[in-house]
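Structure below is structure_37.txt: compact mmCIF, C-alpha atoms.
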```txt
# COMPACT_ATOMS: atom_id res chain seq x y z
CA MET Y 664 183.76 244.46 119.56
CA LYS Y 665 184.82 243.22 116.13
CA ASP Y 666 184.97 239.67 117.50
CA ILE Y 667 181.45 239.93 118.95
CA LEU Y 668 180.03 241.25 115.66
CA LEU Y 669 181.75 238.45 113.76
CA ARG Y 670 180.28 235.87 116.14
CA ILE Y 671 176.78 237.37 115.75
CA LEU Y 672 177.03 237.32 111.96
CA ILE Y 673 178.52 233.82 111.60
CA GLY Y 674 176.36 232.33 114.39
CA GLY Y 675 173.20 233.92 112.97
CA ALA Y 676 174.00 232.72 109.44
CA VAL Y 677 174.68 229.09 110.49
CA VAL Y 678 171.59 228.95 112.74
CA SER Y 679 169.40 230.40 109.95
CA ALA Y 680 170.82 227.91 107.42
CA PHE Y 681 169.90 224.93 109.62
CA ALA Y 682 166.47 226.48 110.39
CA MET Y 683 165.86 226.87 106.65
CA LEU Y 684 166.82 223.24 106.07
CA GLY Y 685 164.36 222.21 108.78
CA GLU Y 686 161.59 224.19 107.04
CA LEU Y 687 162.08 222.20 103.83
CA LEU Y 688 161.73 218.78 105.42
CA LYS Y 689 158.71 216.66 106.24
CA PRO Y 690 157.47 215.01 108.48
CA LYS Y 691 157.63 217.45 111.38
CA SER Y 692 159.24 215.01 113.81
CA PHE Y 693 162.13 214.62 111.32
CA ALA Y 694 162.37 218.38 110.69
CA GLY Y 695 162.48 218.78 114.47
CA LEU Y 696 165.90 217.08 114.51
CA PHE Y 697 167.26 220.33 113.06
CA GLY Y 698 166.15 222.18 116.19
CA ALA Y 699 169.09 220.34 117.78
CA ALA Y 700 171.51 220.99 114.93
CA PRO Y 701 175.03 221.88 116.07
CA SER Y 702 174.68 225.35 114.56
CA VAL Y 703 175.87 227.49 117.51
CA SER Y 704 178.63 224.99 118.26
CA LEU Y 705 179.93 224.90 114.65
CA ALA Y 706 180.22 228.69 114.52
CA THR Y 707 181.69 228.97 118.03
CA LEU Y 708 184.18 226.11 117.73
CA ALA Y 709 185.53 227.30 114.36
CA LEU Y 710 186.09 230.82 115.73
CA THR Y 711 187.51 229.52 119.03
CA VAL Y 712 190.08 227.28 117.31
CA MET Y 713 191.27 230.26 115.25
CA LYS Y 714 191.62 232.51 118.30
CA GLU Y 715 192.37 230.29 121.31
CA GLY Y 716 193.68 227.06 119.80
CA LYS Y 717 192.56 223.44 119.61
CA ALA Y 718 193.08 222.51 123.28
CA TYR Y 719 190.77 225.33 124.44
CA ALA Y 720 188.04 224.34 121.92
CA SER Y 721 188.37 220.70 122.94
CA ILE Y 722 187.61 221.64 126.58
CA GLU Y 723 184.53 223.53 125.34
CA ALA Y 724 183.39 220.41 123.44
CA ARG Y 725 183.74 218.31 126.61
CA SER Y 726 181.41 220.72 128.44
CA MET Y 727 179.09 220.72 125.46
CA LEU Y 728 178.55 217.02 126.12
CA LEU Y 729 176.90 217.92 129.44
CA GLY Y 730 174.93 220.72 127.80
CA SER Y 731 173.63 218.18 125.27
CA ILE Y 732 172.32 215.88 128.01
CA ALA Y 733 170.52 218.92 129.48
CA PHE Y 734 169.17 219.68 125.97
CA ILE Y 735 167.61 216.20 125.66
CA LEU Y 736 165.95 216.58 129.06
CA TYR Y 737 164.75 220.09 128.12
CA ALA Y 738 163.20 218.99 124.82
CA ALA Y 739 161.66 215.77 126.19
CA VAL Y 740 160.07 217.51 129.20
CA THR Y 741 158.91 220.56 127.22
CA SER Y 742 157.29 218.37 124.58
CA ARG Y 743 155.38 216.50 127.31
CA TRP Y 744 154.33 219.78 128.99
CA ILE Y 745 152.84 220.97 125.70
CA ILE Y 746 150.99 217.80 124.79
CA ARG Y 747 150.03 216.31 128.16
CA ARG Y 748 149.80 219.32 130.50
CA HIS Y 749 148.30 221.56 127.79
CA ILE Y 750 150.72 224.39 128.55
CA GLN Y 751 150.99 226.96 125.75
CA VAL Y 752 153.99 226.54 123.43
CA LEU Y 753 155.92 229.76 124.18
CA PRO Y 754 155.63 229.62 128.02
CA ALA Y 755 156.52 225.90 128.00
CA THR Y 756 159.60 226.30 125.79
CA ILE Y 757 160.82 229.35 127.74
CA LEU Y 758 160.14 227.83 131.20
CA GLY Y 759 161.98 224.72 130.05
CA ILE Y 760 165.15 226.80 129.60
CA GLY Y 761 165.26 227.07 133.41
CA LEU Y 762 165.32 223.28 133.50
CA TRP Y 763 168.20 223.31 130.98
CA PHE Y 764 170.19 225.67 133.24
CA VAL Y 765 169.58 223.52 136.35
CA CYS Y 766 170.51 220.30 134.54
CA ALA Y 767 173.55 221.70 132.66
CA PHE Y 768 175.07 223.42 135.69
CA GLY Y 769 174.11 220.50 137.97
CA LEU Y 770 175.99 218.11 135.68
CA TRP Y 771 178.94 220.49 135.44
CA PHE Y 772 179.04 220.73 139.24
CA ALA Y 773 178.83 216.96 139.64
CA VAL Y 774 181.21 215.91 136.84
CA LEU Y 775 183.66 218.67 135.92
CA ARG Y 776 184.05 220.92 138.94
CA MET V 244 156.97 207.59 107.25
CA LYS V 245 158.69 208.89 104.11
CA ILE V 246 161.00 211.90 104.31
CA LYS V 247 160.08 214.62 101.82
CA ILE V 248 161.77 217.83 100.73
CA ASP V 249 159.20 220.54 100.13
CA ILE V 250 160.93 223.35 98.21
CA SER V 251 157.68 225.35 98.04
CA ALA V 252 157.91 225.77 101.84
CA LEU V 253 160.68 228.30 101.21
CA LYS V 254 158.35 230.40 99.07
CA ARG V 255 155.74 230.35 101.84
CA SER V 256 158.32 231.35 104.45
CA LYS V 257 158.74 235.05 105.13
CA TRP V 258 162.17 236.54 105.72
CA ARG V 259 160.92 238.20 108.89
CA GLU V 260 160.26 234.71 110.31
CA PHE V 261 163.98 233.94 110.04
CA ALA V 262 165.07 237.25 111.60
CA PRO V 263 164.45 236.23 115.27
CA ARG V 264 166.35 232.98 114.73
CA PHE V 265 169.24 234.85 113.07
CA PHE V 266 169.55 237.28 115.97
CA ILE V 267 169.00 234.70 118.73
CA GLY V 268 171.53 232.34 117.10
CA GLY V 269 174.03 235.17 116.68
CA ALA V 270 173.46 236.40 120.23
CA ILE V 271 173.99 232.93 121.75
CA THR V 272 177.18 232.44 119.69
CA ALA V 273 178.50 235.78 120.94
CA LEU V 274 177.34 235.06 124.52
CA ALA V 275 179.05 231.63 124.54
CA GLY V 276 182.30 233.36 123.53
CA LEU V 277 181.94 236.06 126.22
CA ILE V 278 181.05 233.52 128.94
CA ALA V 279 184.04 231.35 127.97
CA LYS V 280 186.30 234.41 128.16
CA ARG V 281 184.96 235.44 131.60
CA TYR V 282 184.41 232.04 133.30
CA GLY V 283 186.56 229.68 131.23
CA PRO V 284 185.87 227.12 128.47
CA GLU V 285 184.32 224.59 130.93
CA ILE V 286 181.37 226.92 131.55
CA GLY V 287 181.30 228.51 128.08
CA GLY V 288 181.13 225.06 126.47
CA LEU V 289 177.80 224.30 128.17
CA PHE V 290 176.20 227.03 126.04
CA LEU V 291 177.18 225.30 122.79
CA ALA V 292 174.15 223.06 123.42
CA PHE V 293 171.82 225.85 124.54
CA PRO V 294 168.27 225.41 123.15
CA ALA V 295 168.48 228.76 121.39
CA ILE V 296 166.00 228.48 118.54
CA VAL V 297 163.59 225.87 119.93
CA PRO V 298 161.10 228.41 121.41
CA SER V 299 160.88 230.54 118.25
CA THR V 300 160.68 227.53 115.88
CA ALA V 301 158.02 225.76 117.98
CA THR V 302 155.93 228.94 118.26
CA LEU V 303 156.14 229.48 114.51
CA ILE V 304 155.08 225.88 113.78
CA LYS V 305 152.16 226.18 116.19
CA LYS V 306 151.01 229.43 114.53
CA ARG V 307 151.26 228.03 110.99
CA GLU V 308 149.50 224.74 111.80
CA GLN V 309 146.76 226.56 113.72
CA GLN V 310 146.10 228.92 110.81
CA LYS V 311 146.11 226.03 108.32
CA MET V 312 143.63 223.97 110.35
CA GLU V 313 141.34 226.92 111.07
CA ARG V 314 141.18 227.69 107.34
CA ALA V 315 140.02 224.09 106.85
CA GLY V 316 137.39 224.52 109.58
CA TYR V 317 139.07 222.44 112.32
CA ASP V 318 139.96 223.32 115.90
CA GLY V 319 143.37 224.82 115.15
CA ALA V 320 144.69 225.55 118.64
CA GLU V 321 144.94 221.96 119.78
CA ARG V 322 146.33 220.75 116.48
CA GLY V 323 148.89 223.59 116.43
CA ARG V 324 150.05 222.68 119.91
CA ALA V 325 150.36 219.01 118.93
CA ALA V 326 152.46 219.92 115.86
CA ALA V 327 154.78 222.06 118.01
CA ALA V 328 155.11 219.22 120.54
CA VAL V 329 156.09 216.81 117.73
CA ASP V 330 158.74 219.28 116.55
CA VAL V 331 160.18 219.67 120.08
CA ALA V 332 160.17 215.88 120.52
CA GLY V 333 162.18 215.71 117.28
CA ALA V 334 164.70 218.13 118.81
CA ALA V 335 165.06 215.74 121.78
CA MET V 336 166.10 213.00 119.34
CA GLY V 337 168.51 215.42 117.68
CA GLY V 338 169.98 215.99 121.14
CA PHE V 339 171.46 212.48 121.08
CA GLY V 340 173.25 213.54 117.90
CA LEU V 341 174.61 216.56 119.79
CA ILE V 342 176.19 214.22 122.37
CA ALA V 343 177.90 212.32 119.53
CA PHE V 344 178.99 215.60 117.91
CA SER V 345 180.63 216.86 121.10
CA LEU V 346 182.33 213.49 121.70
CA VAL V 347 183.92 213.56 118.23
CA VAL V 348 185.11 217.17 118.65
CA TRP V 349 186.39 216.59 122.19
CA LEU V 350 188.36 213.45 121.32
CA LYS V 351 189.52 214.18 117.76
CA LEU V 352 190.14 217.94 117.64
CA PRO V 353 193.63 217.72 119.19
CA GLU V 354 194.65 215.10 116.57
CA TRP V 355 192.88 215.97 113.31
CA LYS V 356 192.58 219.13 111.18
CA THR V 357 189.77 221.42 112.36
CA PRO V 358 187.64 221.45 109.14
CA ILE V 359 187.80 217.63 108.97
CA VAL V 360 186.80 217.24 112.65
CA LEU V 361 183.85 219.63 112.26
CA ALA V 362 182.69 217.94 109.02
CA VAL V 363 182.95 214.42 110.51
CA ALA V 364 181.25 215.55 113.74
CA THR V 365 178.35 217.07 111.75
CA LEU V 366 177.95 213.84 109.76
CA VAL V 367 178.00 211.84 113.00
CA TRP V 368 175.40 214.22 114.50
CA PHE V 369 173.08 213.61 111.55
CA SER V 370 173.65 209.83 111.49
CA VAL V 371 172.91 209.41 115.21
CA ALA V 372 169.89 211.76 115.14
CA PHE V 373 168.49 210.06 112.02
CA SER V 374 168.99 206.55 113.46
CA ILE V 375 167.17 207.45 116.66
CA TRP V 376 164.36 209.08 114.69
CA GLN V 377 164.02 205.95 112.55
CA LEU V 378 164.03 203.68 115.60
CA ARG V 379 161.27 205.79 117.13
CA GLU V 380 159.25 205.58 113.89
CA VAL V 381 159.43 201.77 113.97
CA LEU V 382 158.41 201.66 117.63
CA CYS V 383 155.59 204.18 117.07
CA ARG V 384 154.25 202.15 114.14
CA ARG V 385 153.94 199.17 116.47
CA VAL V 386 152.26 201.24 119.19
CA ARG V 387 149.89 202.87 116.68
CA ALA V 388 148.64 199.42 115.71
CA HIS V 389 147.19 199.15 119.24
CA ARG V 390 146.14 202.72 120.06
CA PRO V 391 145.30 205.92 118.08
CA ASN V 392 148.03 208.44 117.23
CA VAL V 393 148.10 211.58 119.37
CA LEU V 394 147.66 213.80 116.31
CA THR V 395 144.68 211.84 115.01
CA HIS V 396 143.26 211.83 118.52
CA THR V 397 143.37 215.62 118.83
CA LEU V 398 141.82 216.29 115.43
CA ARG V 399 138.26 217.50 116.00
CA PRO V 400 135.63 217.26 113.24
CA PRO V 401 135.26 220.38 111.03
CA VAL V 402 133.17 223.17 112.53
CA ASP V 403 129.80 223.42 110.80
CA ARG V 404 129.66 227.18 110.36
CA LYS V 405 126.16 227.12 108.83
CA ALA V 406 124.68 225.25 111.81
CA MET V 407 126.46 227.60 114.20
CA GLY V 408 124.94 230.57 112.39
CA ASN V 409 121.42 229.09 112.73
CA ARG V 410 121.94 228.54 116.45
CA ARG V 411 122.71 232.23 116.91
```
Can you present the structure in this file as structure tokens?
Amino acid sequence: MKDILLRILIGGAVVSAFAMLGELLKPKSFAGLFGAAPSVSLATLALTVMKEGKAYASIEARSMLLGSIAFILYAAVTSRWIIRRHIQVLPATILGIGLWFVCAFGLWFAVLR
Amino acid sequence: MKIKIDISALKRSKWREFAPRFFIGGAITALAGLIAKRYGPEIGGLFLAFPAIVPSTATLIKKREQQKMERAGYDGAERGRAAAAVDVAGAAMGGFGLIAFSLVVWLKLPEWKTPIVLAVATLVWFSVAFSIWQLREVLCRRVRAHRPNVLTHTLRPPVDRKAMGNRR
């Protein structure tokens, strides 16, 4: 329980810090880069190394590589849905998460399993 | 396009706008740990690149831009959606940086000290994301010379409220 609370606090703080940095920057396309900041990964990897060791965290980073490819697909497709298909922002960004799951787990199945 | 730091944006931001991102970010960090514990680091690692805050950030940008444009008398909905799409497209470019980040951590973590690996990986993330953004800017400038920008294209003329009142 203590570990979960610590993860919520550290993860939330790092994500908010990057979000705040994104708010300060212009133009919007540049600020958007911070939507893909390694905030969750920084918090998780630091805590994982402390608890499980470097080898374990390194395996997580290898899988993160596949998650990142899924992230690019998610963001590129969602952006097109919003601007070309005129889908509302919230439904498009939430529906796109399904695409992230399919792509991330598809890649994991094809490459790492 | 020049990069600017607008400190006054922090004054305009409300703390309650950061709250969803704090909790979603914290929840995903905790979830990634729990999934790794239950299904192993191969599956848990996928969630380190989960698009956790993209929906809330894009929705917030759309809302702000829409309100700003409507105050100026423009059609805010379309412009707000275009601004959100630009932000999400920016995240796609940042995603290439995430690939570089994970490569550095995967290959260098067993050899180097953890704080150094994470610092170098973050710098590499920014360098790759920034380079791709700059490359896109150069390409877009060339394209814009031949066709109108999507944002300019979606900007409708201001609504003439007086004329609309007469029509009623």
Taken to one decimal, the atom CA of V:Trp349-atom CA of Y:Glu723 distance is 7.8 Å
If we count only C-alpha atoms and set the cut-off at 9 Å, which residues sit around stretch 676-688 of chain Y, ignoring sequence neighbours fewer than 6 positions away in its own chain? Please answer as a short mmCIF file (atom, residue, chain, number, x, y, z; two decimals) with C-alpha atoms, keeping the file's coordinate frame.
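So the final result, stored in part.cif, reads:
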```cif
data_model
loop_
_atom_site.label_atom_id
_atom_site.label_comp_id
_atom_site.auth_asym_id
_atom_site.auth_seq_id
_atom_site.Cartn_x
_atom_site.Cartn_y
_atom_site.Cartn_z
CA ALA Y 694 162.37 218.38 110.69
CA GLY Y 695 162.48 218.78 114.47
CA LEU Y 696 165.90 217.08 114.51
CA PHE Y 697 167.26 220.33 113.06
CA GLY Y 698 166.15 222.18 116.19
CA ALA Y 700 171.51 220.99 114.93
CA PRO Y 701 175.03 221.88 116.07
CA SER Y 702 174.68 225.35 114.56
CA VAL Y 703 175.87 227.49 117.51
CA LEU Y 705 179.93 224.90 114.65
CA ALA Y 706 180.22 228.69 114.52
CA ILE V 246 161.00 211.90 104.31
CA LYS V 247 160.08 214.62 101.82
CA ILE V 248 161.77 217.83 100.73
CA ASP V 249 159.20 220.54 100.13
CA ILE V 250 160.93 223.35 98.21
CA SER V 251 157.68 225.35 98.04
CA ALA V 252 157.91 225.77 101.84
CA LEU V 253 160.68 228.30 101.21
CA SER V 256 158.32 231.35 104.45
CA PHE V 261 163.98 233.94 110.04
CA ALA V 262 165.07 237.25 111.60
CA ARG V 264 166.35 232.98 114.73
CA PHE V 265 169.24 234.85 113.07
CA ILE V 267 169.00 234.70 118.73
CA GLY V 268 171.53 232.34 117.10
CA GLY V 269 174.03 235.17 116.68
CA ILE V 296 166.00 228.48 118.54
CA THR V 300 160.68 227.53 115.88
#
```
Figure out the distance between atom CA of Y:Ile722 and atom CA of Y:Phe772, please, to one decimal in Å.
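Atom-to-atom, atom CA of Y:Phe772 and atom CA of Y:Ile722 are spaced 15.3 Å apart.
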Between atom CA of Y:Phe734 and atom CA of V:Ala270 lies a distance of 18.2 Å
Among listed residues V:Leu277, V:Ala335, V:Ala295, V:Val367, nearest chain Y (using all atoms listed in the file)
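Of V:Leu277, V:Ala335, V:Ala295, V:Val367, the one nearest chain Y is V:Ala335, counting all atoms listed in the file.
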For chain V, the closest of Y:Arg748, Y:Ala738, Y:Leu710, Y:Lys665 counting all atoms listed in the file is Y:Ala738
Pick from Y:Ile671, Y:Leu708, Y:Ile750, Y:Ala755: nearest to chain V, with all atoms listed in the file counted?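 Closest candidate: Y:Ile671.
Of the listed residues (V:Ala388, V:Val381, V:Ala292, V:Ile304), V:Ala292 comes nearest to chain Y; the distances count only C-alpha atoms.
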Enumerate, in order of chain and increasing residue number, the residues of chain Y with an atom no farther than 10 Å from stretch 339-342 of chain V, each with its shortest atom pair and distance in Å to one decimal, counting only C-alpha atoms, as a Markdown table.
```
| residue | atom | partner | partner_atom | distance |
| --- | --- | --- | --- | --- |
| Y:Leu696 | CA | V:Gly340 | CA | 8.8 |
| Y:Ala699 | CA | V:Leu341 | CA | 7.0 |
| Y:Ala700 | CA | V:Leu341 | CA | 7.3 |
| Y:Pro701 | CA | V:Leu341 | CA | 6.5 |
| Y:Ser704 | CA | V:Leu341 | CA | 9.5 |
| Y:Ala724 | CA | V:Ile342 | CA | 9.6 |
| Y:Arg725 | CA | V:Ile342 | CA | 9.6 |
| Y:Met727 | CA | V:Ile342 | CA | 7.8 |
| Y:Leu728 | CA | V:Ile342 | CA | 5.2 |
| Y:Leu729 | CA | V:Ile342 | CA | 8.0 |
| Y:Gly730 | CA | V:Ile342 | CA | 8.6 |
| Y:Ser731 | CA | V:Ile342 | CA | 5.5 |
| Y:Ile732 | CA | V:Ile342 | CA | 7.0 |
| Y:Phe734 | CA | V:Leu341 | CA | 8.8 |
| Y:Ile735 | CA | V:Phe339 | CA | 7.0 |
```
Export of the given selection (C-alpha atoms) as a tab-separated table (two decimals), keeping the file's coordinate frame:
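Final output, part_15.tsv:
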```tsv
chain	number	residue	atom	x	y	z
Y	696	LEU	CA	165.90	217.08	114.51
Y	699	ALA	CA	169.09	220.34	117.78
Y	700	ALA	CA	171.51	220.99	114.93
Y	701	PRO	CA	175.03	221.88	116.07
Y	704	SER	CA	178.63	224.99	118.26
Y	724	ALA	CA	183.39	220.41	123.44
Y	725	ARG	CA	183.74	218.31	126.61
Y	727	MET	CA	179.09	220.72	125.46
Y	728	LEU	CA	178.55	217.02	126.12
Y	729	LEU	CA	176.90	217.92	129.44
Y	730	GLY	CA	174.93	220.72	127.80
Y	731	SER	CA	173.63	218.18	125.27
Y	732	ILE	CA	172.32	215.88	128.01
Y	734	PHE	CA	169.17	219.68	125.97
Y	735	ILE	CA	167.61	216.20	125.66
```
I'd like the neighbourhood of V:Lys305 as a PyMOL selection string, where a residue qualifies if any of its atoms comes within 9 Å (using all atoms listed in the file), though same-chain residues fewer than 2 positions away should be ignored.
(chain Y and resi 752) or (chain V and resi 300-303+307-310+319-320+322-328)
Nearest to V:Val360, restricted to all atoms listed in the file and choosing among Y:Val740, Y:Ile757, Y:Ala720, Y:Leu669, comes out as Y:Ala720
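When only C-alpha atoms are used to compute distances to Y:Trp771, the closest of the residues V:Val371, V:Ile271, V:Ala279, V:Ile286 turns out to be V:Ile286.
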Return as lines of an AutoDock Vina configuration file the box centre and box size in Å, one decimal, for an axis-aligned box around all listed atoms of stretch 292-301 of chain V padded by 8 Å per side.
```
center_x = 166.1
center_y = 226.8
center_z = 120.2
size_x = 32.1
size_y = 23.5
size_z = 24.7
```
